[in-house]
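A.B. asks: Got a file for you: final_2.txt, compact mmCIF, C-alpha atoms.
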# COMPACT_ATOMS: atom_id res chain seq x y z
CA MET D 1 115.78 131.27 35.00
CA GLU D 2 115.14 127.61 35.75
CA LYS D 3 118.90 126.96 35.86
CA LYS D 4 119.39 129.65 38.54
CA LYS D 5 116.63 128.07 40.67
CA ARG D 6 118.28 124.65 40.42
CA ASP D 7 121.66 126.13 41.39
CA ARG D 8 120.09 127.95 44.30
CA HIS D 9 118.45 124.73 45.48
CA HIS D 10 121.70 122.74 45.43
CA ASN D 11 123.88 125.52 46.81
CA PRO D 12 123.86 125.52 50.65
CA GLN D 13 124.44 129.31 50.67
CA PRO D 14 122.49 130.58 47.67
CA PHE D 15 122.49 134.29 48.54
CA ILE D 16 126.28 134.67 49.02
CA ARG D 17 128.74 135.40 46.28
CA ASP D 18 131.23 132.72 45.34
CA ASP D 19 134.31 134.50 46.76
CA ASP D 20 132.52 135.25 50.06
CA SER D 21 131.39 131.67 50.41
CA ILE D 22 134.91 130.35 49.95
CA ALA D 23 136.31 132.73 52.55
CA SER D 24 133.59 131.90 55.10
CA THR D 25 134.11 128.17 54.53
CA ASN D 26 137.83 128.50 55.24
CA LYS D 27 137.11 130.44 58.44
CA ARG D 28 134.58 127.82 59.59
CA THR D 29 136.97 124.92 59.02
CA LYS D 30 139.72 126.69 60.96
CA ALA D 31 137.34 127.47 63.80
CA SER D 32 136.22 123.89 64.00
CA LYS D 33 139.82 122.66 64.16
CA ASN D 34 140.59 125.12 66.96
CA HIS D 35 137.48 123.94 68.79
CA GLN D 36 138.60 120.33 68.53
CA LYS D 37 142.01 121.27 69.89
CA GLN D 38 140.40 123.08 72.84
CA GLU D 39 138.30 120.03 73.69
CA LYS D 40 141.35 117.79 73.69
CA MET D 41 143.45 120.16 75.78
CA ILE D 42 142.86 119.90 79.59
CA SER D 43 144.23 122.41 82.00
CA SER D 44 147.01 121.31 84.33
CA GLY D 45 144.94 122.12 87.42
CA LEU D 46 142.05 119.93 86.32
CA SER D 47 144.33 117.04 85.36
CA SER D 48 146.02 117.14 88.78
CA LYS D 49 142.60 117.01 90.48
CA ILE D 50 141.59 113.99 88.40
CA LEU D 51 144.83 112.16 89.24
CA LYS D 52 144.46 113.03 92.91
CA GLU D 53 140.88 111.68 93.00
CA ALA D 54 141.96 108.50 91.21
CA LEU D 55 144.71 107.92 93.80
CA ILE D 56 142.21 108.41 96.63
CA GLN D 57 139.80 105.88 95.10
CA GLN D 58 142.62 103.39 94.55
CA LYS D 59 143.67 103.79 98.17
CA GLU D 60 140.11 103.17 99.37
CA ILE D 61 139.91 99.99 97.28
CA GLN D 62 143.15 98.73 98.82
CA GLU D 63 141.92 99.53 102.34
CA GLU D 64 138.65 97.66 101.72
CA ALA D 65 140.61 94.65 100.49
CA GLU D 66 142.74 94.71 103.66
CA GLU D 67 139.70 95.15 105.93
CA THR D 68 138.01 92.01 104.57
CA THR D 69 140.76 89.95 106.21
CA PRO D 70 139.99 88.50 109.70
CA THR D 71 142.09 91.16 111.41
CA GLY D 72 139.99 93.96 109.94
CA LYS D 73 136.51 92.52 110.40
CA ALA D 74 135.88 94.34 113.68
CA PHE D 75 136.81 97.65 112.06
CA VAL D 76 134.49 96.97 109.12
CA LEU D 77 131.59 96.12 111.45
CA ALA D 78 132.20 99.28 113.45
CA GLU D 79 132.30 101.37 110.28
CA GLU D 80 129.08 99.76 109.01
CA GLU D 81 127.40 100.44 112.34
CA ASN D 82 128.51 104.07 112.28
CA ALA D 83 127.30 104.44 108.69
CA ARG D 84 123.94 102.94 109.63
CA ASP D 85 123.66 105.31 112.60
CA ARG D 86 124.52 108.28 110.39
CA LYS D 87 121.92 107.17 107.87
CA GLU D 88 119.27 106.91 110.58
CA ASP D 89 120.20 110.34 111.89
CA GLU D 90 120.04 111.83 108.41
CA GLU D 91 116.70 110.24 107.57
CA GLY D 92 115.20 111.09 110.94
CA ASP D 93 112.07 109.06 110.22
CA LEU D 94 112.04 107.26 113.53
CA ASP D 95 113.41 110.14 115.54
CA ASP D 96 111.16 112.93 114.29
CA PHE D 97 108.41 111.82 116.64
CA ASN D 98 106.64 114.54 118.54
CA GLY D 99 104.29 112.26 120.42
CA PHE D 100 100.52 112.15 120.38
CA SER D 101 98.55 114.98 121.88
CA GLU D 102 96.29 114.42 124.87
CA THR D 103 93.24 114.93 122.68
CA GLN D 104 94.22 111.77 120.80
CA THR D 105 94.89 109.57 123.81
CA GLN D 106 91.80 107.45 123.23
CA PHE D 107 90.58 106.01 119.97
CA GLY D 108 86.97 105.34 119.22
CA ASP D 109 83.90 104.97 121.37
CA TYR D 110 82.38 101.52 121.50
CA ASP D 111 79.40 102.22 123.74
CA GLU D 112 77.16 101.39 120.78
CA ILE D 113 77.95 97.67 121.11
CA ASP D 114 74.73 95.77 121.67
CA GLU D 115 74.73 94.29 125.18
CA HIS D 116 72.46 91.40 124.18
CA GLU D 117 74.73 90.49 121.27
CA GLU D 118 77.80 90.76 123.50
CA LYS D 119 76.30 88.37 126.05
CA LEU D 120 75.37 85.96 123.28
CA LEU D 121 78.94 85.98 121.99
CA GLU D 122 80.31 85.42 125.49
CA SER D 123 78.47 82.10 125.56
CA PHE D 124 80.94 80.86 122.91
CA LEU D 125 84.03 81.89 124.91
CA SER D 126 86.24 79.20 126.38
CA LYS D 127 85.88 78.76 130.13
CA ASP D 128 89.12 76.78 130.52
CA ALA D 129 91.46 79.21 128.74
CA GLY D 130 94.56 79.92 130.79
CA PRO D 131 96.37 83.26 131.15
CA GLN D 132 98.03 84.68 128.09
CA ARG D 133 101.77 84.08 127.86
CA THR D 134 104.02 87.12 127.75
CA LEU D 135 107.69 87.68 127.05
CA ALA D 136 108.45 87.66 130.78
CA ASP D 137 106.81 84.24 131.21
CA LEU D 138 108.83 82.83 128.32
CA ILE D 139 112.19 84.18 129.52
CA ILE D 140 111.63 83.14 133.15
CA GLU D 141 110.70 79.65 132.02
CA LYS D 142 113.83 79.48 129.88
CA ILE D 143 116.04 80.63 132.78
CA LYS D 144 114.51 78.05 135.14
CA GLN D 145 115.21 75.27 132.66
CA LYS D 146 118.89 76.21 132.59
CA ASP D 147 119.25 76.91 136.32
CA THR D 148 117.16 75.06 138.89
CA ASN D 149 118.46 77.21 141.76
CA VAL D 150 116.67 80.35 140.59
CA SER D 151 115.13 82.39 143.39
CA LEU D 152 111.38 82.78 143.20
CA GLU D 153 111.27 86.01 145.24
CA ALA D 154 112.77 88.37 142.64
CA PRO D 155 112.43 88.05 138.86
CA PRO D 156 115.50 86.21 137.54
CA LEU D 157 117.91 87.89 135.15
CA PRO D 158 119.47 86.36 132.02
CA LYS D 159 123.15 85.48 132.09
CA LEU D 160 124.55 88.56 130.39
CA ASP D 161 127.33 91.03 131.13
CA GLU D 162 126.66 93.28 134.09
CA SER D 163 127.20 96.37 131.92
CA ILE D 164 124.50 95.22 129.46
CA ILE D 165 122.09 94.41 132.28
CA GLU D 166 122.55 97.82 133.90
CA LEU D 167 122.31 99.60 130.56
CA TYR D 168 119.01 98.05 129.51
CA LYS D 169 117.46 98.18 132.97
CA GLY D 170 118.09 101.92 132.92
CA LEU D 171 116.71 102.05 129.39
CA GLY D 172 113.54 100.39 130.63
CA GLU D 173 113.04 103.18 133.19
CA PHE D 174 113.47 105.72 130.39
CA LEU D 175 110.89 103.94 128.18
CA SER D 176 108.36 103.85 131.03
CA LYS D 177 108.36 107.68 131.01
CA TYR D 178 108.89 108.25 127.28
CA THR D 179 106.52 110.68 125.54
CA ALA D 180 108.32 112.07 122.47
CA GLY D 181 111.73 112.63 120.92
CA LYS D 182 114.61 110.44 119.81
CA MET D 183 114.82 106.81 120.80
CA PRO D 184 118.14 105.74 122.36
CA LYS D 185 120.53 104.04 119.97
CA ALA D 186 120.96 101.18 122.43
CA PHE D 187 117.32 100.30 121.86
CA LYS D 188 117.70 100.45 118.06
CA HIS D 189 120.48 97.86 118.28
CA ILE D 190 118.26 95.24 119.95
CA PRO D 191 116.91 93.74 116.66
CA ALA D 192 120.49 92.97 115.54
CA MET D 193 121.35 91.06 118.76
CA GLN D 194 121.32 87.29 118.93
CA LEU D 195 119.73 87.27 122.41
CA TRP D 196 117.31 90.07 121.55
CA GLU D 197 114.48 88.54 123.60
CA ASP D 198 116.59 88.38 126.76
CA VAL D 199 117.73 91.97 126.30
CA LEU D 200 114.17 93.11 125.61
CA TYR D 201 113.03 91.38 128.81
CA LEU D 202 115.45 93.57 130.80
CA THR D 203 113.60 96.71 129.68
CA LYS D 204 110.28 95.41 131.15
CA PRO D 205 107.99 95.98 128.12
CA GLU D 206 104.88 95.71 130.31
CA ASN D 207 105.84 99.05 131.88
CA TRP D 208 106.54 100.95 128.64
CA SER D 209 104.51 104.05 127.94
CA PRO D 210 102.05 103.85 125.00
CA ASN D 211 104.25 106.15 122.91
CA ALA D 212 107.29 103.96 123.63
CA MET D 213 105.32 100.90 122.52
CA TYR D 214 104.45 102.68 119.27
CA GLN D 215 108.08 103.56 118.61
CA ALA D 216 109.22 100.05 119.49
CA THR D 217 106.70 98.55 117.06
CA ARG D 218 107.96 100.82 114.29
CA ILE D 219 111.57 99.78 114.93
CA PHE D 220 110.92 96.05 115.27
CA ALA D 221 108.51 95.87 112.34
CA SER D 222 111.17 97.47 110.13
CA ASN D 223 114.25 95.58 111.32
CA LEU D 224 113.11 92.13 112.46
CA SER D 225 112.36 89.20 110.21
CA ALA D 226 108.77 88.02 109.91
CA LYS D 227 109.36 85.16 112.36
CA LYS D 228 110.96 87.38 115.01
CA ALA D 229 108.39 90.14 114.50
CA GLU D 230 105.68 87.53 115.09
CA ARG D 231 107.17 86.72 118.49
CA PHE D 232 107.35 90.40 119.41
CA TYR D 233 103.70 90.89 118.41
CA ARG D 234 102.49 87.80 120.26
CA LEU D 235 104.54 88.17 123.45
CA VAL D 236 104.72 91.95 123.85
CA LEU D 237 102.26 93.92 121.71
CA LEU D 238 99.14 91.72 121.94
CA PRO D 239 99.15 91.31 125.77
CA ARG D 240 99.61 95.07 126.17
CA ILE D 241 96.71 95.84 123.82
CA ARG D 242 94.37 93.40 125.52
CA ASP D 243 95.27 94.71 128.99
CA ASP D 244 94.64 98.31 127.90
CA ILE D 245 91.23 97.45 126.41
CA LYS D 246 90.28 95.47 129.51
CA GLN D 247 91.31 98.29 131.82
CA HIS D 248 89.94 101.32 129.96
CA LYS D 249 87.23 99.75 127.74
CA LYS D 250 89.02 101.60 124.93
CA LEU D 251 92.43 101.50 123.31
CA HIS D 252 95.02 104.24 123.71
CA PHE D 253 95.61 106.05 120.44
CA ALA D 254 99.36 105.33 120.45
CA LEU D 255 98.69 101.62 120.96
CA TYR D 256 96.13 101.71 118.16
CA GLN D 257 98.76 103.25 115.86
CA ALA D 258 101.22 100.57 116.95
CA LEU D 259 98.67 97.89 116.06
CA LYS D 260 98.15 99.58 112.70
CA LYS D 261 101.90 99.66 112.08
CA SER D 262 102.20 95.94 112.84
CA ILE D 263 99.95 94.91 109.93
CA TYR D 264 102.56 96.08 107.42
CA LYS D 265 104.20 92.69 108.07
CA PRO D 266 101.00 90.75 107.30
CA ALA D 267 102.37 87.25 107.94
CA ALA D 268 103.65 88.30 111.37
CA PHE D 269 100.37 90.11 112.08
CA ASN D 270 98.33 86.99 111.31
CA LYS D 271 100.50 84.65 113.36
CA GLY D 272 101.26 87.09 116.17
CA ILE D 273 98.00 89.03 116.60
CA LEU D 274 95.02 87.56 114.77
CA PHE D 275 95.45 83.80 115.27
CA PRO D 276 96.50 83.94 118.97
CA LEU D 277 93.59 86.29 119.68
CA CYS D 278 91.08 83.85 118.18
CA LYS D 279 92.78 80.73 119.58
CA SER D 280 92.73 82.15 123.09
CA GLY D 281 88.98 81.53 123.29
CA THR D 282 88.58 84.73 125.33
CA CYS D 283 88.38 87.39 122.60
CA ASN D 284 85.33 89.52 123.34
CA LEU D 285 83.40 91.72 120.92
CA ARG D 286 85.13 94.91 121.99
CA GLU D 287 88.58 93.51 121.20
CA ALA D 288 87.33 92.08 117.91
CA VAL D 289 85.89 95.43 116.81
CA ILE D 290 89.10 97.34 117.61
CA VAL D 291 91.49 94.84 116.01
CA GLY D 292 89.06 94.29 113.12
CA SER D 293 89.02 98.00 112.33
CA ILE D 294 92.72 97.65 111.45
CA VAL D 295 91.98 94.69 109.17
CA GLN D 296 89.21 96.70 107.53
CA LYS D 297 91.24 99.86 106.91
CA VAL D 298 94.63 98.53 105.83
CA SER D 299 95.15 96.67 102.57
CA ILE D 300 96.32 93.07 103.06
CA PRO D 301 97.81 91.00 100.21
CA MET D 302 95.48 88.39 98.76
CA LEU D 303 97.73 85.47 99.66
CA HIS D 304 97.90 86.42 103.34
CA SER D 305 94.14 87.03 103.45
CA SER D 306 93.51 83.59 101.95
CA VAL D 307 95.77 81.94 104.53
CA ALA D 308 94.04 83.85 107.33
CA LEU D 309 90.59 82.72 106.14
CA LEU D 310 91.76 79.12 105.82
CA LYS D 311 93.19 79.06 109.34
CA LEU D 312 90.19 80.82 110.90
CA ALA D 313 87.81 78.39 109.20
CA GLU D 314 89.70 75.37 110.55
CA MET D 315 90.09 76.82 114.05
CA ASP D 316 87.91 75.97 117.05
CA TYR D 317 85.02 78.39 116.87
CA CYS D 318 84.88 81.46 119.05
CA GLY D 319 81.98 83.88 118.65
CA THR D 320 84.12 86.74 117.41
CA THR D 321 85.85 84.55 114.81
CA SER D 322 82.84 85.18 112.55
CA TYR D 323 83.56 88.90 112.71
CA PHE D 324 87.10 88.50 111.35
CA ILE D 325 85.87 86.06 108.68
CA LYS D 326 83.28 88.61 107.58
CA LEU D 327 85.84 91.43 107.35
CA LEU D 328 88.21 89.34 105.25
CA LEU D 329 85.40 88.16 102.97
CA GLU D 330 84.29 91.74 102.36
CA LYS D 331 87.69 92.56 100.89
CA LYS D 332 86.38 90.68 97.80
CA TYR D 333 89.58 88.83 96.93
CA ALA D 334 89.61 86.05 94.34
CA LEU D 335 89.99 83.18 96.80
CA PRO D 336 91.40 79.76 95.86
CA LEU D 337 88.79 77.00 95.65
CA ARG D 338 90.41 75.24 98.59
CA VAL D 339 89.66 78.25 100.80
CA VAL D 340 86.06 78.42 99.53
CA ASP D 341 85.54 74.74 100.36
CA ALA D 342 87.09 75.25 103.81
CA ILE D 343 84.65 78.07 104.58
CA VAL D 344 81.70 75.91 103.49
CA SER D 345 82.93 73.16 105.82
CA HIS D 346 83.30 75.75 108.59
CA PHE D 347 79.65 76.74 108.39
CA MET D 348 78.41 73.16 108.01
CA ARG D 349 79.92 72.34 111.40
CA PHE D 350 76.96 74.16 112.96
CA LEU D 351 74.30 71.99 111.29
CA ASP D 352 73.62 70.02 114.47
CA ASP D 353 74.52 72.81 116.92
CA THR D 354 71.59 73.51 119.25
CA ARG D 355 72.90 76.90 120.41
CA VAL D 356 71.40 80.11 119.08
CA MET D 357 73.94 81.57 116.69
CA PRO D 358 74.76 85.29 117.01
CA VAL D 359 73.79 87.76 114.32
CA ILE D 360 77.41 88.17 113.23
CA TRP D 361 77.49 84.46 112.30
CA HIS D 362 74.51 84.93 109.96
CA GLN D 363 76.06 88.11 108.55
CA SER D 364 79.34 86.35 107.80
CA LEU D 365 77.45 83.56 106.01
CA LEU D 366 75.55 86.16 103.98
CA ALA D 367 78.79 87.95 103.06
CA PHE D 368 80.29 84.64 101.93
CA VAL D 369 77.29 83.74 99.77
CA GLN D 370 77.08 87.21 98.20
CA ARG D 371 80.74 87.28 97.13
CA TYR D 372 81.39 83.64 96.21
CA LYS D 373 77.98 82.16 95.27
CA ASN D 374 79.14 81.39 91.71
CA GLU D 375 82.13 79.44 93.04
CA LEU D 376 80.00 76.98 95.04
CA GLN D 377 79.14 73.48 93.90
CA LYS D 378 75.53 72.33 93.65
CA GLU D 379 75.99 70.00 96.64
CA ASP D 380 77.39 72.87 98.72
CA LYS D 381 74.35 75.02 97.95
CA ASP D 382 71.99 72.21 98.90
CA ASN D 383 73.86 71.72 102.18
CA LEU D 384 73.75 75.45 102.95
CA ARG D 385 69.98 75.51 102.30
CA THR D 386 69.61 72.69 104.80
CA LEU D 387 71.80 74.61 107.25
CA VAL D 388 69.78 77.84 107.12
CA ARG D 389 66.58 75.88 107.75
CA THR D 390 68.13 74.81 111.06
CA GLN D 391 70.01 78.00 111.90
CA ARG D 392 67.60 80.71 110.90
CA HIS D 393 67.44 84.48 111.28
CA ASN D 394 64.29 86.34 110.30
CA LEU D 395 66.04 89.10 108.35
CA VAL D 396 69.28 87.54 107.13
CA THR D 397 68.24 84.01 106.14
CA PRO D 398 65.82 85.05 103.32
CA GLU D 399 68.66 87.05 101.73
CA ILE D 400 70.96 84.02 101.93
CA VAL D 401 68.41 81.79 100.22
CA ARG D 402 67.76 84.41 97.52
CA GLU D 403 71.49 84.65 96.75
CA LEU D 404 71.80 80.86 96.51
CA ASP D 405 68.79 80.56 94.19
CA ASN D 406 69.94 83.32 91.83
CA SER D 407 73.42 82.03 91.08
CA ARG D 408 75.13 79.51 88.82
CA ASN D 409 77.13 76.55 90.03
CA ARG D 410 80.89 76.22 89.91
CA GLY D 411 82.14 75.55 86.38
CA GLU D 412 78.92 76.44 84.58
CA ARG D 413 80.30 79.67 83.20
CA ASP D 414 82.74 77.62 81.10
CA ASP D 415 79.91 75.57 79.53
CA PRO D 416 79.03 76.98 76.08
CA MET D 417 75.51 75.51 76.33
CA THR D 418 74.67 77.98 79.07
CA ILE D 419 75.36 81.01 76.84
CA THR D 420 71.97 82.18 75.64
CA SER D 421 72.65 85.84 75.15
CA PRO D 422 71.75 87.45 71.80
CA VAL D 423 75.40 88.33 71.29
CA SER D 424 76.12 84.73 70.27
CA VAL D 425 73.47 84.99 67.52
CA ILE D 426 74.82 88.27 66.22
CA ASN D 427 78.36 86.93 66.08
CA ASN D 428 77.38 83.89 63.96
CA VAL D 429 78.99 83.88 60.50
CA ILE D 430 76.49 84.85 57.80
CA GLU D 431 76.80 82.62 54.75
CA GLU D 432 75.53 83.91 51.41
CA ASP D 433 75.79 82.97 47.74
CA ARG D 434 77.04 85.92 45.74
CA PHE D 435 75.59 84.44 42.51
CA ASP D 436 72.12 84.05 43.99
CA ILE D 437 71.00 87.63 43.36
CA PRO D 438 67.28 88.37 42.99
CA ASP D 439 66.06 90.07 39.89
CA VAL D 440 65.71 93.83 40.15
CA PRO D 441 63.03 95.45 38.01
CA MET D 442 64.50 98.12 35.75
CA GLU D 443 62.65 101.10 34.33
CA GLU D 444 62.13 101.05 30.64
CA ASP D 445 63.85 103.70 28.65
As a first step, turn the structure in this file into structure tokens.

C.D. replies:
Amino acid sequence: MEKKKRDRHHNPQPFIRDDDSIASTNKRTKASKNHQKQEKMISSGLSSKILKEALIQQKEIQEEAEETTPTGKAFVLAEEENARDRKEDEEGDLDDFNGFSETQTQFGDYDEIDEHEEKLLESFLSKDAGPQRTLADLIIEKIKQKDTNVSLEAPPLPKLDESIIELYKGLGEFLSKYTAGKMPKAFKHIPAMQLWEDVLYLTKPENWSPNAMYQATRIFASNLSAKKAERFYRLVLLPRIRDDIKQHKKLHFALYQALKKSIYKPAAFNKGILFPLCKSGTCNLREAVIVGSIVQKVSIPMLHSSVALLKLAEMDYCGTTSYFIKLLLEKKYALPLRVVDAIVSHFMRFLDDTRVMPVIWHQSLLAFVQRYKNELQKEDKDNLRTLVRTQRHNLVTPEIVRELDNSRNRGERDDPMTITSPVSVINNVIEEDRFDIPDVPMEED
């Protein structure tokens, strides 16, 4: 009985008779051989298709090798341009734009701005600030430098082909009335041009509709380098936004979306929107609140935020600069110590200032102390205490002093002498002598 069980265990087909197992094994080996033959055999139709496809690929490789020669470069560029156009048409991201409805034409209501605070901030505005430079000013100045015989009656035109001038002047009329739909391909090609600023000047960006400005910002933010995008933001987008806020006391929704789209190139946004706005010396509270709402909503990389704080701290003070500093501080990034020291120096500049500081200045100082109090040196805290005794606010200053008093100095967290928590006692190694065992009384039998 045990022998039969062992045979059944070693036999792969224990319930089949010996003659049946041999026959089935022969059938299975034959079937497997036939299957291998079928895998190796390829039909004539399929083999001809494979050879045909291989010849086509080989021909394409040879054509590409010929097109890389100087005689075929123009054809390659044309093919690449057509492929890029087809890709844009297939994706349809920029073209599937249905416009903004009339119910969205204005964004936000800023009537809640305190008039007293706004007047106080205006006292810090520069009185000698000149007009803001636009793309038209830059191009006209460049043309006058090259040609001293330029007529002052009509705006001068760059030295370009007449066909290009007519094309983009007509495109400018189209953009002034644009509401929704596809953008012309001639406009999409502007970022790839060497003289893209001169061509853009022909379209008169100051006359574009808000929806056209939004579409242009999307195209230029995607296709221009950070340096070129900065120039577009500073010379085209920023003047248009400031003019719209000044005229309507609000910002058109499409322009607000364009401003939001521009921050996705943070370096260009800082250099083209934020820094020129603060350096102008004429940024009022309304403009700061609208632009600051973008900074508050959109995530900005830590490195770019640190650079922005460093530059704002070193800049000549304008009342609304404190608002942008406060917004960047409230993002709670781990700032480099150099930036922390620069912000301390920024506030200490007001130690001997006799002007009454606005509430936003005190709030920005409070935000700085709350987030980075443990990164301050003892001397910095003493200097800030002296500062708040001179520049004092009844509600904010006590909170600043409380935060400074209930914090440790820079570097103290690395000092083991400052660790007094009971965890350090619990984690001490317990030493014991295993031979020093007390006597245990035993019960007598």

A.B. asks: Which residues are near segment 381-391 of chain D? Cut-off 9 Å, all atoms listed in the file, ignore same chain within fewer than 6 positions. Put them as a PyMOL selection string.

C.D. replies: chain D and resi 344+347-348+350-354+356-357+362+373+397+400-401+404-405+409

A.B. asks: For a quick check of understanding, using all atoms listed in the file, which of D:Lys185, D:Pro158, D:Leu309, D:Gln145 has the smallest distance to Pro336 of chain D?

C.D. replies: D:Leu309

A.B. asks: Report, in Å with one decimal, the straight-line distance from atom CA of Asp380 of chain D to atom CA of Gln296 of chain D.

C.D. replies: 28.0 Å

A.B. asks: Kindly indicate which residue among D:Gln363, D:Ser209, D:Gln132, D:Gln194 lies nearest to Ala180 of chain D, using all atoms listed in the file for the distances.

C.D. replies: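 Distance minimum relative to Ala180 of chain D lands on D:Ser209.
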
A.B. asks: Measuring atom to atom with only C-alpha atoms, identify which of D:Ala308, D:Val298, D:Ile143, D:Ile164 is nearest to Leu202 of chain D.

C.D. replies: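 The answer is D:Ile164, which sits nearest to Leu202 of chain D.
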
A.B. asks: Record the distance separating atom CA of Lys246 of chain D and atom CA of Val289 of chain D, expressed in Å with one decimal.

C.D. replies: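 Atom CA of Val289 of chain D lies 13.4 Å from atom CA of Lys246 of chain D.
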
A.B. asks: To one decimal place, how far is atom CA of Ile325 of chain D from atom CA of Val236 of chain D in Å?

C.D. replies: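 Separating atom CA of Ile325 of chain D from atom CA of Val236 of chain D is a distance of 24.9 Å.
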
A.B. asks: Rank nothing, just name the residue among D:Leu224, D:Ile360, D:Leu160, D:Ile219 nearest to Phe187 of chain D, using all atoms listed in the file.

C.D. replies: D:Ile219

A.B. asks: Would you mind telling me which residue in D:Arg218, D:Arg408, D:Arg355, D:Lys169 lies nearest to Gln377 of chain D when using only C-alpha atoms?

C.D. replies: D:Arg408

A.B. asks: Nearest to Lys311 of chain D: which of D:Ser299, D:Thr179, D:Ser364, D:Asn270 is it, counting only C-alpha atoms?

C.D. replies: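 The closest residue to Lys311 of chain D is D:Asn270.
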
A.B. asks: Find the spatial neighbours of Phe220 of chain D, counting all atoms listed in the file, within a cut-off of 7 Å - ignore same-chain residues fewer than 3 positions away - and output them as a ChimeraX atom specification.

C.D. replies: /D:191,216-217,223-224,229
